[in-house]
file query_36.cif (mmCIF, C-alpha atoms and all ligand atoms)
data_model
#
loop_
_atom_site.label_atom_id
_atom_site.label_comp_id
_atom_site.auth_asym_id
_atom_site.auth_seq_id
_atom_site.Cartn_x
_atom_site.Cartn_y
_atom_site.Cartn_z
CA MET D 20 4.85 2.73 39.35
CA ILE D 21 6.92 5.82 38.63
CA GLU D 22 6.98 7.89 41.80
CA ARG D 23 9.36 10.59 40.69
CA LEU D 24 10.35 11.59 37.17
CA GLN D 25 13.21 13.94 36.35
CA ILE D 26 13.92 15.10 32.85
CA SER D 27 16.66 17.37 31.65
CA HIS D 28 17.24 18.92 28.24
CA LEU D 29 14.71 16.99 26.25
CA ARG D 30 13.30 19.26 23.54
CA ASN D 31 11.76 22.27 25.31
CA LEU D 32 11.85 20.56 28.73
CA THR D 33 14.94 22.06 30.40
CA LYS D 34 14.70 20.77 33.98
CA ILE D 35 11.56 18.99 35.05
CA SER D 36 10.83 17.10 38.22
CA LEU D 37 7.41 15.69 38.94
CA GLU D 38 5.72 13.21 41.20
CA PRO D 39 3.20 11.26 39.18
CA ALA D 40 0.13 9.45 40.48
CA ALA D 41 -1.52 6.34 39.03
CA CYS D 42 -3.28 8.57 36.54
CA ASN D 43 -1.69 11.72 35.15
CA ILE D 44 -3.25 14.18 32.74
CA ILE D 45 -0.91 16.54 30.98
CA ILE D 46 -2.70 19.56 29.58
CA GLY D 47 -1.25 22.29 27.41
CA ALA D 48 -1.44 24.14 24.12
CA ASN D 49 0.19 22.98 20.88
CA GLY D 50 3.97 22.95 21.19
CA SER D 51 3.92 23.33 24.98
CA GLY D 52 5.86 20.09 25.62
CA LYS D 53 3.20 17.49 26.43
CA THR D 54 4.38 14.86 23.96
CA SER D 55 7.99 15.47 25.01
CA LEU D 56 7.04 14.38 28.50
CA LEU D 57 5.64 11.09 27.18
CA GLU D 58 8.69 10.80 24.94
CA SER D 59 10.97 10.96 27.99
CA ILE D 60 9.28 7.97 29.65
CA PHE D 61 9.37 6.02 26.40
CA LEU D 62 13.06 6.87 25.99
CA LEU D 63 13.83 5.56 29.46
CA SER D 64 11.96 2.33 28.86
CA ARG D 65 12.98 1.60 25.28
CA GLY D 66 16.21 3.52 24.75
CA LYS D 67 14.82 5.36 21.75
CA SER D 68 12.28 8.02 20.94
CA PHE D 69 9.02 7.21 19.20
CA ARG D 70 9.37 10.38 17.15
CA HIS D 71 12.95 10.61 15.91
CA HIS D 72 15.73 8.13 15.58
CA GLN D 73 18.63 10.51 16.01
CA PRO D 74 19.19 11.78 19.57
CA LYS D 75 20.33 15.15 18.32
CA ARG D 76 16.76 15.79 17.16
CA TYR D 77 15.32 15.45 20.68
CA ILE D 78 18.27 16.64 22.78
CA GLN D 79 17.58 20.27 23.59
CA HIS D 80 19.21 22.69 21.16
CA HIS D 81 22.72 23.77 22.27
CA GLN D 82 22.96 20.87 24.77
CA ASN D 83 25.19 17.80 24.57
CA ASN D 84 22.87 15.30 26.13
CA THR D 85 19.49 14.57 27.63
CA THR D 86 18.82 12.64 30.84
CA VAL D 87 15.71 10.94 32.17
CA HIS D 88 15.63 9.53 35.67
CA ALA D 89 12.78 7.68 37.38
CA LYS D 90 12.33 6.46 40.91
CA LEU D 91 9.81 3.67 41.21
CA ASN D 92 7.51 3.11 44.18
CA ASP D 93 9.69 0.24 45.45
CA SER D 94 12.72 2.58 45.43
CA ARG D 95 14.31 1.13 42.32
CA THR D 96 15.83 3.80 40.12
CA LEU D 97 16.27 3.83 36.36
CA ALA D 98 18.19 6.38 34.34
CA ILE D 99 19.20 6.99 30.77
CA GLN D 100 21.49 9.57 29.28
CA LYS D 101 21.61 10.02 25.51
CA GLN D 102 24.35 12.00 23.88
CA ALA D 103 24.23 13.67 20.51
CA ASP D 104 26.48 11.02 18.94
CA ALA D 105 23.99 8.38 20.19
CA THR D 106 26.25 7.21 23.03
CA THR D 107 23.94 5.87 25.72
CA ILE D 108 24.52 5.51 29.44
CA LEU D 109 22.05 3.34 31.34
CA ARG D 110 21.72 2.93 35.08
CA LEU D 111 19.66 0.64 37.22
CA ASN D 112 19.81 1.41 40.95
CA GLN D 113 22.86 3.69 40.37
CA THR D 114 24.76 0.86 38.68
CA THR D 115 25.68 1.10 35.02
CA VAL D 116 24.06 -1.55 32.86
CA TYR D 117 24.95 -2.27 29.26
CA ASN D 118 21.76 -3.62 27.84
CA GLN D 119 18.63 -1.58 27.20
CA SER D 120 16.49 -4.70 27.55
CA ILE D 121 17.27 -4.65 31.31
CA LEU D 122 15.51 -1.29 31.67
CA THR D 123 12.74 -2.31 29.26
CA GLU D 124 12.02 -5.31 31.44
CA GLN D 125 11.87 -3.12 34.56
CA LEU D 126 9.49 -0.61 33.06
CA PRO D 127 7.09 -2.01 30.46
CA THR D 128 5.78 0.98 28.54
CA LEU D 129 2.96 0.94 26.07
CA LEU D 130 2.34 3.87 23.74
CA ILE D 131 -0.85 4.89 21.98
CA ASP D 132 -0.25 7.97 19.88
CA PRO D 133 -1.59 9.45 16.65
CA SER D 134 1.34 8.07 14.62
CA THR D 135 0.37 4.50 15.47
CA MET D 136 -3.10 5.08 14.09
CA ASP D 137 -2.02 3.98 10.62
CA MET D 138 -0.44 0.74 11.78
CA LEU D 139 -3.19 -1.37 10.22
CA GLU D 140 -2.50 -0.03 6.75
CA GLN D 141 1.28 0.39 6.93
CA GLY D 142 4.02 -2.21 6.44
CA SER D 143 4.28 -5.09 8.87
CA ALA D 144 7.00 -3.65 11.17
CA SER D 145 4.74 -1.85 13.65
CA ARG D 146 2.30 -4.78 13.85
CA ARG D 147 5.18 -7.18 14.41
CA GLN D 148 6.52 -4.89 17.14
CA LEU D 149 3.11 -4.93 18.76
CA LEU D 150 3.23 -8.71 19.08
CA ASP D 151 6.92 -8.72 20.01
CA TRP D 152 6.36 -6.25 22.86
CA LEU D 153 4.20 -8.88 24.50
CA VAL D 154 6.48 -11.78 23.59
CA PHE D 155 9.50 -9.89 25.00
CA HIS D 156 7.77 -9.35 28.34
CA MET D 157 6.29 -12.86 28.57
CA LYS D 158 9.06 -15.07 27.21
CA GLN D 159 12.52 -14.49 28.62
CA GLY D 160 14.19 -16.60 25.95
CA PHE D 161 12.76 -14.56 23.09
CA HIS D 162 15.02 -11.49 23.14
CA PRO D 163 18.39 -13.29 22.85
CA GLN D 164 17.01 -15.44 20.04
CA TRP D 165 15.68 -12.41 18.19
CA MET D 166 18.96 -10.50 18.60
CA ALA D 167 20.97 -13.49 17.32
CA TYR D 168 18.56 -13.92 14.41
CA GLN D 169 18.87 -10.26 13.46
CA ARG D 170 22.68 -10.40 13.60
CA LEU D 171 22.78 -13.34 11.20
CA LEU D 172 20.15 -11.77 8.95
CA LYS D 173 22.18 -8.59 8.72
CA GLN D 174 25.28 -10.55 7.66
CA ARG D 175 23.26 -12.50 5.10
CA ASN D 176 21.63 -9.39 3.64
CA SER D 177 24.90 -7.55 3.42
CA LEU D 178 26.38 -10.47 1.44
CA LEU D 179 23.31 -10.65 -0.84
CA LYS D 180 23.59 -6.93 -1.44
CA ARG D 181 27.29 -7.15 -2.32
CA THR D 182 27.13 -9.87 -4.94
CA ARG D 183 24.83 -11.76 -7.29
CA HIS D 184 27.22 -14.66 -7.74
CA LEU D 185 28.54 -16.43 -4.69
CA THR D 186 31.96 -18.03 -4.52
CA GLN D 187 32.22 -21.49 -2.96
CA VAL D 188 33.56 -19.94 0.23
CA GLN D 189 30.71 -17.43 0.39
CA LEU D 190 28.18 -20.16 -0.33
CA SER D 191 29.37 -22.34 2.52
CA GLU D 192 29.45 -19.32 4.84
CA LEU D 193 25.88 -18.46 3.84
CA LYS D 194 24.74 -22.03 4.45
CA SER D 195 26.12 -22.00 7.95
CA TRP D 196 24.32 -18.69 8.64
CA ASP D 197 21.11 -20.18 7.23
CA LYS D 198 21.42 -23.13 9.59
CA GLY D 199 21.77 -20.71 12.50
CA LEU D 200 18.86 -18.59 11.24
CA SER D 201 16.73 -21.67 10.97
CA ASN D 202 17.40 -22.72 14.57
CA HIS D 203 16.59 -19.26 15.93
CA ALA D 204 13.57 -18.99 13.62
CA ALA D 205 11.95 -22.12 15.01
CA LEU D 206 12.22 -20.81 18.57
CA ILE D 207 11.12 -17.27 17.74
CA HIS D 208 8.07 -18.63 15.93
CA HIS D 209 7.35 -20.97 18.84
CA TYR D 210 7.38 -18.06 21.35
CA ARG D 211 5.34 -15.80 19.10
CA GLU D 212 2.75 -18.44 18.35
CA GLN D 213 2.32 -19.35 22.02
CA VAL D 214 1.86 -15.74 23.07
CA PHE D 215 -0.41 -15.00 20.12
CA THR D 216 -2.69 -17.90 21.04
CA GLU D 217 -2.94 -16.68 24.62
CA TRP D 218 -3.55 -13.10 23.49
CA GLN D 219 -6.54 -13.82 21.22
CA PRO D 220 -9.24 -14.25 23.91
CA TYR D 221 -7.98 -11.10 25.66
CA PHE D 222 -8.28 -9.20 22.38
CA ALA D 223 -11.81 -10.54 21.83
CA LYS D 224 -12.81 -9.45 25.34
CA SER D 225 -11.34 -6.02 24.82
CA ILE D 226 -13.29 -5.58 21.56
CA VAL D 227 -16.49 -6.33 23.48
CA GLN D 228 -15.65 -3.37 25.72
CA LEU D 229 -14.25 -0.90 23.23
CA LEU D 230 -16.07 -1.75 19.99
CA PRO D 231 -19.09 -3.79 21.09
CA SER D 232 -20.87 -3.55 17.74
CA TYR D 233 -17.95 -5.42 16.14
CA ALA D 234 -17.67 -8.05 18.87
CA GLU D 235 -18.52 -10.98 16.61
CA GLN D 236 -16.86 -9.60 13.54
CA LEU D 237 -13.23 -8.87 14.30
CA SER D 238 -10.55 -11.49 14.61
CA LEU D 239 -6.76 -11.67 14.67
CA SER D 240 -4.42 -13.80 12.63
CA TYR D 241 -0.69 -14.39 12.88
CA ASN D 242 1.60 -15.05 9.95
CA ALA D 243 5.04 -16.43 10.84
CA GLY D 244 6.77 -14.90 7.79
CA TYR D 245 7.66 -18.30 6.33
CA ASP D 246 6.20 -21.78 5.95
CA THR D 247 6.73 -23.20 9.41
CA SER D 248 6.12 -26.79 8.29
CA VAL D 249 9.52 -26.78 6.55
CA ALA D 250 12.84 -25.76 8.16
CA LEU D 251 13.76 -22.20 7.24
CA ASP D 252 17.22 -23.09 5.92
CA VAL D 253 15.65 -25.52 3.43
CA GLN D 254 13.39 -22.76 2.14
CA LEU D 255 16.22 -20.23 2.07
CA ASN D 256 18.27 -22.66 0.02
CA GLU D 257 15.40 -23.15 -2.45
CA ARG D 258 14.98 -19.43 -2.98
CA LEU D 259 18.62 -18.42 -2.91
CA GLU D 260 18.63 -17.33 -6.57
CA GLN D 261 15.63 -15.04 -5.98
CA ASP D 262 17.20 -13.55 -2.85
CA LEU D 263 20.43 -12.94 -4.77
CA GLN D 264 18.46 -11.08 -7.42
CA LEU D 265 16.55 -9.07 -4.81
CA GLY D 266 19.62 -8.38 -2.70
CA TYR D 267 17.87 -9.27 0.55
CA THR D 268 16.20 -12.14 2.40
CA ARG D 269 12.55 -12.28 1.54
CA ILE D 270 11.25 -14.84 4.03
CA GLY D 271 11.74 -15.45 7.75
CA ASN D 272 10.61 -14.21 11.16
CA HIS D 273 11.49 -10.67 10.17
CA ARG D 274 8.51 -10.80 7.80
CA ALA D 275 6.03 -12.01 10.45
CA ASP D 276 2.80 -10.08 10.71
CA ILE D 277 -0.51 -9.93 12.47
CA HIS D 278 -3.74 -8.91 10.79
CA VAL D 279 -7.14 -7.87 12.03
CA HIS D 280 -9.94 -9.27 9.91
CA TRP D 281 -13.50 -8.15 9.64
CA ARG D 282 -16.17 -10.63 8.75
CA SER D 283 -19.87 -10.21 8.17
CA ASP D 284 -22.43 -12.92 7.65
CA GLU D 285 -25.49 -11.03 8.74
CA SER D 286 -28.82 -11.82 7.20
CA ILE D 287 -30.93 -8.86 6.28
CA SER D 288 -34.60 -8.39 5.82
CA ASP D 289 -35.25 -7.88 2.15
CA GLN D 290 -38.58 -6.13 1.77
CA THR D 291 -40.10 -7.09 -1.55
CA THR D 292 -42.19 -4.51 -3.31
CA ASP D 293 -43.52 -6.89 -5.88
CA ALA D 294 -47.28 -6.39 -5.81
CA ARG D 295 -48.05 -9.98 -6.79
CA THR D 296 -46.13 -11.48 -3.91
CA ALA D 297 -46.74 -8.74 -1.40
CA ALA D 298 -50.05 -10.19 -0.38
CA SER D 299 -48.56 -13.53 0.68
CA VAL D 300 -44.99 -12.61 1.59
CA ASN D 301 -44.31 -9.51 3.58
CA SER D 302 -40.63 -10.00 3.93
CA ILE D 303 -38.08 -12.54 2.87
CA GLN D 304 -35.06 -13.40 5.02
CA THR D 305 -32.09 -13.49 2.71
CA LYS D 306 -28.79 -14.93 3.85
CA LEU D 307 -26.11 -12.74 2.39
CA PRO D 308 -22.76 -14.26 1.52
CA THR D 309 -20.10 -13.84 4.18
CA LEU D 310 -17.89 -10.85 3.49
CA LYS D 311 -14.28 -10.82 4.58
CA GLU D 312 -11.97 -7.83 4.60
CA GLN D 313 -9.02 -6.35 6.37
CA ALA D 314 -10.61 -4.43 9.27
CA ALA D 315 -8.74 -1.29 8.16
CA ASN D 316 -10.86 -1.19 4.99
CA VAL D 317 -14.11 -1.16 6.90
CA LEU D 318 -13.65 0.88 10.08
CA SER D 319 -13.86 4.66 10.42
CA ARG D 320 -10.82 6.57 11.72
CA GLY D 321 -12.29 6.82 15.22
CA GLU D 322 -13.13 3.11 15.18
CA LYS D 323 -9.61 2.32 14.00
CA LYS D 324 -8.23 4.28 16.93
CA LEU D 325 -10.38 2.21 19.27
CA LEU D 326 -9.27 -0.99 17.55
CA ILE D 327 -5.58 -0.12 17.86
CA THR D 328 -6.13 0.91 21.46
CA SER D 329 -7.86 -2.39 21.99
CA LEU D 330 -4.96 -4.32 20.44
CA ARG D 331 -2.56 -2.63 22.83
CA LEU D 332 -4.64 -2.54 26.00
CA SER D 333 -5.70 -6.18 25.64
CA GLN D 334 -2.03 -7.10 26.14
CA LEU D 335 -1.93 -5.68 29.67
CA PRO D 336 -4.22 -8.09 31.54
CA LEU D 337 -2.52 -11.01 29.79
CA LEU D 338 0.93 -9.73 30.79
CA LEU D 339 -0.17 -9.20 34.39
CA ASN D 340 -1.83 -12.62 34.63
CA ASP D 341 1.27 -14.21 33.17
CA ARG D 342 3.50 -12.45 35.70
CA GLU D 343 1.34 -13.55 38.58
CA ARG D 344 1.46 -17.12 37.30
CA SER D 345 5.23 -17.19 36.87
CA ASP D 346 5.89 -15.39 40.18
CA SER D 347 3.84 -17.95 42.06
CA LEU D 348 5.57 -20.81 40.21
CA ASN D 349 9.01 -19.43 40.97
CA ASP D 350 8.04 -18.40 44.46
CA ASP D 351 9.36 -15.02 43.42
CA LEU D 352 7.50 -12.30 45.19
CA SER D 353 9.81 -9.52 44.11
CA SER D 354 7.62 -6.71 42.87
CA ARG D 355 7.88 -5.69 39.25
CA ALA D 356 7.07 -2.30 37.86
CA THR D 357 3.48 -1.57 36.99
CA PRO D 358 3.16 -1.18 33.22
CA VAL D 359 2.94 2.40 32.04
CA VAL D 360 0.45 3.46 29.37
CA LEU D 361 1.27 6.61 27.41
CA LEU D 362 -1.71 8.10 25.60
CA ASP D 363 -0.90 11.03 23.38
CA ASP D 364 -3.68 13.37 22.37
CA ILE D 365 -6.35 11.27 23.97
CA THR D 366 -9.40 13.07 22.61
CA ALA D 367 -8.29 13.29 18.96
CA GLU D 368 -10.80 11.65 16.59
CA LEU D 369 -12.92 10.19 19.37
CA ASP D 370 -16.43 11.29 20.26
CA ASP D 371 -17.54 11.70 23.88
CA ARG D 372 -18.92 8.19 24.10
CA ALA D 373 -15.73 6.63 22.74
CA ILE D 374 -13.58 8.66 25.14
CA GLU D 375 -15.72 7.51 28.02
CA ILE D 376 -15.43 3.85 26.96
CA LEU D 377 -11.68 4.16 26.46
CA LEU D 378 -11.02 5.84 29.79
CA SER D 379 -13.28 3.56 31.79
CA THR D 380 -11.54 0.54 30.23
CA LEU D 381 -8.17 2.04 31.10
CA ALA D 382 -9.20 2.88 34.65
CA LYS D 383 -9.94 -0.79 35.33
CA LEU D 384 -6.45 -1.91 34.29
CA PRO D 385 -3.69 -2.10 36.87
CA CYS D 386 -1.36 0.30 35.09
CA GLN D 387 0.00 3.81 35.47
CA VAL D 388 -1.39 6.22 32.90
CA PHE D 389 0.07 9.37 31.41
CA MET D 390 -2.26 11.08 28.95
CA THR D 391 -2.04 14.35 27.12
CA SER D 392 -4.84 16.61 26.07
CA LEU D 393 -5.14 20.08 24.55
CA ALA D 394 -8.12 21.00 26.69
CA ASP D 395 -9.18 20.26 30.24
CA ASP D 396 -12.71 19.16 29.39
CA ILE D 397 -11.86 15.51 30.10
CA LEU D 398 -10.99 16.32 33.71
CA PRO D 399 -14.47 15.68 35.21
CA LEU D 400 -14.55 12.21 33.62
CA VAL D 401 -11.00 11.44 34.77
CA HIS D 402 -11.89 12.47 38.33
CA GLU D 403 -14.94 10.23 38.18
CA LEU D 404 -12.88 7.22 37.10
CA TRP D 405 -9.64 7.56 39.10
CA LEU D 406 -9.27 8.13 42.80
CA GLN D 407 -6.66 10.88 42.90
CA PRO D 408 -5.47 11.77 39.43
CA ASN D 409 -2.73 14.34 38.99
CA THR D 410 -3.18 17.20 36.57
CA PHE D 411 -0.10 18.84 35.09
CA HIS D 412 -0.37 22.01 33.05
CA VAL D 413 2.44 22.55 30.57
CA LYS D 414 3.32 25.97 29.23
CA GLN D 415 6.42 26.54 27.09
CA GLY D 416 8.26 23.62 28.63
CA LYS D 417 7.37 24.54 32.24
CA ILE D 418 5.13 22.20 34.18
CA SER D 419 2.83 23.15 37.02
CA PHE D 420 0.85 20.73 39.13
CA THR D 421 -2.76 21.16 40.15
CA ASN D 422 -4.64 18.61 42.16
N1 LIG K 501 15.65 19.70 20.05
C1 LIG K 501 14.81 20.62 20.51
N2 LIG K 501 15.26 21.57 21.38
C2 LIG K 501 14.43 22.51 21.88
N3 LIG K 501 13.12 22.56 21.59
C3 LIG K 501 12.61 21.65 20.73
C4 LIG K 501 13.43 20.63 20.15
N4 LIG K 501 12.66 19.87 19.35
C5 LIG K 501 11.42 20.38 19.42
N5 LIG K 501 11.37 21.45 20.24
C6 LIG K 501 10.22 22.26 20.65
O1 LIG K 501 9.59 21.61 21.74
C7 LIG K 501 8.24 21.97 21.82
C8 LIG K 501 7.46 20.84 22.41
O2 LIG K 501 6.92 19.99 21.47
P1 LIG K 501 5.86 18.84 21.83
O3 LIG K 501 5.72 18.03 20.61
O4 LIG K 501 6.23 18.17 23.09
O5 LIG K 501 4.55 19.71 22.08
P2 LIG K 501 3.03 19.23 22.39
O6 LIG K 501 2.63 19.99 23.61
O7 LIG K 501 2.92 17.77 22.42
O8 LIG K 501 2.29 19.82 21.13
P3 LIG K 501 1.04 19.27 20.26
O9 LIG K 501 -0.18 19.44 21.09
O10 LIG K 501 1.04 20.21 19.10
O11 LIG K 501 1.34 17.86 19.87
C9 LIG K 501 7.86 22.46 20.44
O12 LIG K 501 7.51 23.81 20.55
C10 LIG K 501 9.11 22.33 19.61
O13 LIG K 501 9.34 23.45 18.79
#
call {"tool": "encode", "arguments": {"input": "query_36.cif", "output": "structure tokens"}}
result
Amino acid sequence: MIERLQISHLRNLTKISLEPAACNIIIGANGSGKTSLLESIFLLSRGKSFRHHQPKRYIQHHQNNTTVHAKLNDSRTLAIQKQADATTILRLNQTTVYNQSILTEQLPTLLIDPSTMDMLEQGSASRRQLLDWLVFHMKQGFHPQWMAYQRLLKQRNSLLKRTRHLTQVQLSELKSWDKGLSNHAALIHHYREQVFTEWQPYFAKSIVQLLPSYAEQLSLSYNAGYDTSVALDVQLNERLEQDLQLGYTRIGNHRADIHVHWRSDESISDQTTDARTAASVNSIQTKLPTLKEQAANVLSRGEKKLLITSLRLSQLPLLLNDRERSDSLNDDLSSRATPVVLLDDITAELDDRAIEILLSTLAKLPCQVFMTSLADDILPLVHELWLQPNTFHVKQGKISFTN
């Protein structure tokens, strides 16, 4: 759990130091700096902002860099400094580290913000990232495989983009990359599929809590991005001409996706009004054909928010159970950071009942929560659900603490 957080020169946050609790509510008007506070924690954990790619957009105007520093409850410290030219300095326990994944592993951070609300309708990248967040934290071997796969894919795509006719030398180079891609692909798919299978019951349970009326109707599916019954290099070879025309690689793990499906096979009571039959038959039970749709086409915006929240939050108990299992197997009792949930604009698009369901679900999870809100009307509920939540009021980049 983050025990102390220090931020300097991130957007309108000049110098901030705060001592968070297990639950933290950040309240302030539009533009006061609430989201920037969440952004700082995300930056520390993932090495990038969830709002802008270029550091110069979030580094405070007229400053050269931004720094975020966190002390965890077991005294570990994590720090990141981002400079305008994107140079990054990372520190774990005062020692420089060269790989962001080391900090990500130390501080699993899960974000639920308004921009993720369209993830069901958008391209596959954000849904793939959702699955990969869990795979990264549960399968140690996944990240190196994924990095190696992406390196080879980049080389392949850059060659496909450069030419439509390969020389013999280029062809043999491409075939050796495809062999490498194929080996990584099999492992990446294996990790993803394992984690996906474990995740499904947790998702179903979470839907029962957050969207009970859809409990029997929503399900998840995983698509590997290629036909996993045939080695990827064989398929890449078969479609080489098409890829050369397109200028990029069309199939592979980078096209993996998850979908949420809605299904209905309810029977309804069809009241007949036919006078001749009315005397003998009051109602006829008609079995309607099963309807199947992408959930995004059926749910309201508020329901979609609950569904996306459910997709994310259902990953936490699985991650924690998995950690407990592997710690006991390895006899490793070293504590690991409590996952952090960042909830931006918590009340947006949710009615009172939905907010109550969401917060009471969250309060039961062993995680540290940072949530932002424009108004303080959620405070009574938060105080009911958490033991000693911290309330921070933000005004023009200045933060004050009220208990
Ligand atoms: N690079 C920057 N340097 C200085 N200030 C910035 C920079 N980028 C954005 N800002 C300012 O920082 C402020 C904080 O924005 P932030 O998005 O954190 O506010 P918020 O409280 O989450 O608002 P909302 O409720 O509208 O989402 C804004 O007023 C914005 O103009």
call {"tool": "closest_atom_pairs", "arguments": {"input": "query_36.cif", "of": "chain D", "to": "ligand LIG 501 (chain K)", "cutoff": "6 Å", "atoms": "only C-alpha atoms and all ligand atoms", "output": "JSON lines"}}
result
{"residue": "D:Arg30", "atom": "CA", "partner": "K:LIG501", "partner_atom": "C1", "distance": 3.6}
{"residue": "D:Asn31", "atom": "CA", "partner": "K:LIG501", "partner_atom": "N3", "distance": 4.0}
{"residue": "D:Gly47", "atom": "CA", "partner": "K:LIG501", "partner_atom": "O6", "distance": 5.9}
{"residue": "D:Ala48", "atom": "CA", "partner": "K:LIG501", "partner_atom": "O9", "distance": 5.7}
{"residue": "D:Asn49", "atom": "CA", "partner": "K:LIG501", "partner_atom": "O10", "distance": 3.4}
{"residue": "D:Gly50", "atom": "CA", "partner": "K:LIG501", "partner_atom": "O5", "distance": 3.4}
{"residue": "D:Ser51", "atom": "CA", "partner": "K:LIG501", "partner_atom": "O6", "distance": 3.8}
{"residue": "D:Gly52", "atom": "CA", "partner": "K:LIG501", "partner_atom": "O4", "distance": 3.2}
{"residue": "D:Lys53", "atom": "CA", "partner": "K:LIG501", "partner_atom": "O6", "distance": 3.8}
{"residue": "D:Thr54", "atom": "CA", "partner": "K:LIG501", "partner_atom": "O7", "distance": 3.6}
{"residue": "D:Ser55", "atom": "CA", "partner": "K:LIG501", "partner_atom": "O4", "distance": 3.8}
{"residue": "D:Arg76", "atom": "CA", "partner": "K:LIG501", "partner_atom": "N1", "distance": 5.0}
{"residue": "D:Tyr77", "atom": "CA", "partner": "K:LIG501", "partner_atom": "N1", "distance": 4.3}
{"residue": "D:Ile78", "atom": "CA", "partner": "K:LIG501", "partner_atom": "N1", "distance": 4.9}
{"residue": "D:Gln79", "atom": "CA", "partner": "K:LIG501", "partner_atom": "N2", "distance": 3.5}
{"residue": "D:His80", "atom": "CA", "partner": "K:LIG501", "partner_atom": "N2", "distance": 4.1}
call {"tool": "closest_residue", "arguments": {"input": "query_36.cif", "among": "D:Ala275, D:Ala315, D:Leu325, D:Leu56", "to": "Leu32 of chain D", "atoms": "only C-alpha atoms"}}
result
D:Leu56
call {"tool": "residues_around", "arguments": {"input": "query_36.cif", "residues": "segment 153-160 of chain D", "least_positions_apart": "2", "cutoff": "9 Å", "atoms": "only C-alpha atoms", "output": "NGL selection string"}}
result
:D and (123-124 or 127 or 148-151 or 162-165 or 206-207 or 210-211 or 213-215 or 218 or 334-335 or 337-338 or 341-342)
call {"tool": "residues_near_point", "arguments": {"input": "query_36.cif", "point": "(-2.2, 12.7, 17.6)", "cutoff": "6 Å", "atoms": "only C-alpha atoms", "output": "JSON list (two decimals) with C-alpha atoms, in the coordinates of the input"}}
result
[["chain", "number", "residue", "atom", "x", "y", "z"],
["D", 132, "ASP", "CA", -0.25, 7.97, 19.88],
["D", 133, "PRO", "CA", -1.59, 9.45, 16.65],
["D", 364, "ASP", "CA", -3.68, 13.37, 22.37]]
call {"tool": "closest_residue", "arguments": {"input": "query_36.cif", "among": "D:Met138, D:Ile270, D:Leu62, D:Leu265", "to": "Arg331 of chain D", "atoms": "all atoms listed in the file"}}
result
D:Met138
call {"tool": "closest_atom_pairs", "arguments": {"input": "query_36.cif", "of": "segment 198-221 of chain D", "to": "segment 230-246 of chain D", "cutoff": "8 Å", "atoms": "all atoms listed in the file", "output": "tab-separated table"}}
result
residue	atom	partner	partner_atom	distance
D:His208	CA	D:Ala243	CA	6.3
D:Glu212	CA	D:Tyr241	CA	7.6
D:Phe215	CA	D:Tyr241	CA	7.3
D:Gln219	CA	D:Leu239	CA	6.9
call {"tool": "decode", "arguments": {"input": "query_36.cif", "residues": "segment 313-324 of chain D", "atoms": "N, CA and C atoms", "output": "tab-separated table (two decimals), in the first residue's frame"}}
result
chain	number	residue	atom	x	y	z
D	313	GLN	N	-23.10	-8.71	-29.28
D	313	GLN	CA	-22.02	-8.14	-28.48
D	313	GLN	C	-22.72	-7.38	-27.34
D	314	ALA	N	-22.23	-7.53	-26.11
D	314	ALA	CA	-22.89	-6.87	-24.98
D	314	ALA	C	-22.99	-5.36	-25.20
D	315	ALA	N	-21.99	-4.78	-25.88
D	315	ALA	CA	-21.97	-3.33	-26.08
D	315	ALA	C	-23.20	-2.85	-26.84
D	316	ASN	N	-23.80	-3.74	-27.66
D	316	ASN	CA	-24.97	-3.32	-28.44
D	316	ASN	C	-26.25	-3.32	-27.61
D	317	VAL	N	-26.19	-3.92	-26.46
D	317	VAL	CA	-27.41	-4.11	-25.68
D	317	VAL	C	-27.46	-3.22	-24.43
D	318	LEU	N	-26.30	-3.04	-23.78
D	318	LEU	CA	-26.29	-2.36	-22.49
D	318	LEU	C	-26.37	-0.83	-22.61
D	319	SER	N	-26.92	-0.21	-21.58
D	319	SER	CA	-26.95	1.25	-21.51
D	319	SER	C	-25.55	1.75	-21.14
D	320	ARG	N	-25.33	3.04	-21.21
D	320	ARG	CA	-23.99	3.56	-20.87
D	320	ARG	C	-23.60	3.26	-19.42
D	321	GLY	N	-24.56	3.45	-18.53
D	321	GLY	CA	-24.29	3.17	-17.11
D	321	GLY	C	-23.99	1.69	-16.90
D	322	GLU	N	-24.76	0.84	-17.61
D	322	GLU	CA	-24.53	-0.61	-17.48
D	322	GLU	C	-23.17	-0.99	-18.06
D	323	LYS	N	-22.80	-0.31	-19.15
D	323	LYS	CA	-21.48	-0.58	-19.75
D	323	LYS	C	-20.38	-0.21	-18.77
D	324	LYS	N	-20.58	0.89	-18.06
D	324	LYS	CA	-19.57	1.30	-17.08
D	324	LYS	C	-19.43	0.22	-16.00
